[in-house]
Amino acid sequence: MPIQSFGKNERLSSRKLIERLFEEGHSFFEFPFRVVMLQLDDSDIFSGMHPCQLLTSVSKRNFRSAVRRNRIKRLMRETYRKNKAPLIDHMVVHNKRLALGLIYTGKKMPVYQHMETKIIRIIDRLILEIKSENNT
């Protein structure tokens with residue numbers, strides 16, 4: 001049974017790494033999420049980090065209330081926490097690191113079950129994209 005925690009070391013908080021994520025990262029859209037990913041090698045500056053660090057964001061334009069924004073971010077972190085095991089295992093096996101940004105772009109408050117299916121789909125797609133990047 002994998003550890004289902006989301007500790008402080010799994011949160012993306014390095015300003016340099018966040019800037020690099022949005023400058024150099026590859027992004028794709030899986031409604032209602034925009035996903036930005038940056039794959040890092042062990043030779044990189046941030047090699048001491050957790051295999052996969054996550055940044056969550058919700059637009060203030062779409063959700064004026066901080067309570068609603070924080071609720072959506074909590075749901076995002078919870079669904080990621082429960083379903084991250086295959087992604088973490090894949091990153092450890094290939095000795096890679098991943099900086100990941102999940103940006104909620106929807107205009108309605110999400111339902112947990114719908115968000116969970118989307119995040120599972122995102123994790124599967126991330127694994128496929130990492131495999132294809134490693135093969136080329």
# chains A, B, ... in the order shown; residues from 1 in each chain; ligands from 1
>>> residues_around(residues="A:Ala99", least_positions_apart="4", cutoff="10 Å", atoms="only C-alpha atoms", output="PyMOL selection string")
chain A and resi 10-12+17-18+20-21+25+36-40+46+49-55
>>> residues_around(residues="stretch 71-84 of chain A", least_positions_apart="4", cutoff="9 Å", atoms="only C-alpha atoms", output="PyMOL selection string")
chain A and resi 4-6+54+56-58+66-67+88-89+102+104+109-112+115-117+119-120+123
>>> select_by_dssp(residues="stretch 17-88 of chain A", states="strand (DSSP E)", output="list in words")
His26, Ser27, Phe28, Phe29, Glu30, Phe33, Arg34, Val35, Val36, Met37, Leu38, Gln39, Leu40, Cys52, Gln53, Leu54, Leu55, Thr56, Ser57 and Val58 of chain A
>>> closest_residue(among="A:Ile3, A:Val35, A:Ala85, A:Val93", to="A:Leu126", atoms="only C-alpha atoms")
A:Val35
>>> closest_residue(among="A:Ser59, A:Asn9, A:Thr105, A:Ser14", to="A:Arg34", atoms="only C-alpha atoms")
A:Thr105
>>> select_by_dssp(residues="chain A", states="helix (DSSP H, G or I)", output="NGL selection string")
:A and (8-10 or 15-24 or 66-83 or 85-93 or 112-135)
>>> closest_residue(among="A:Glu19, A:Leu87, A:Lys8, A:Lys96", to="A:Glu133", atoms="only C-alpha atoms")
A:Lys96
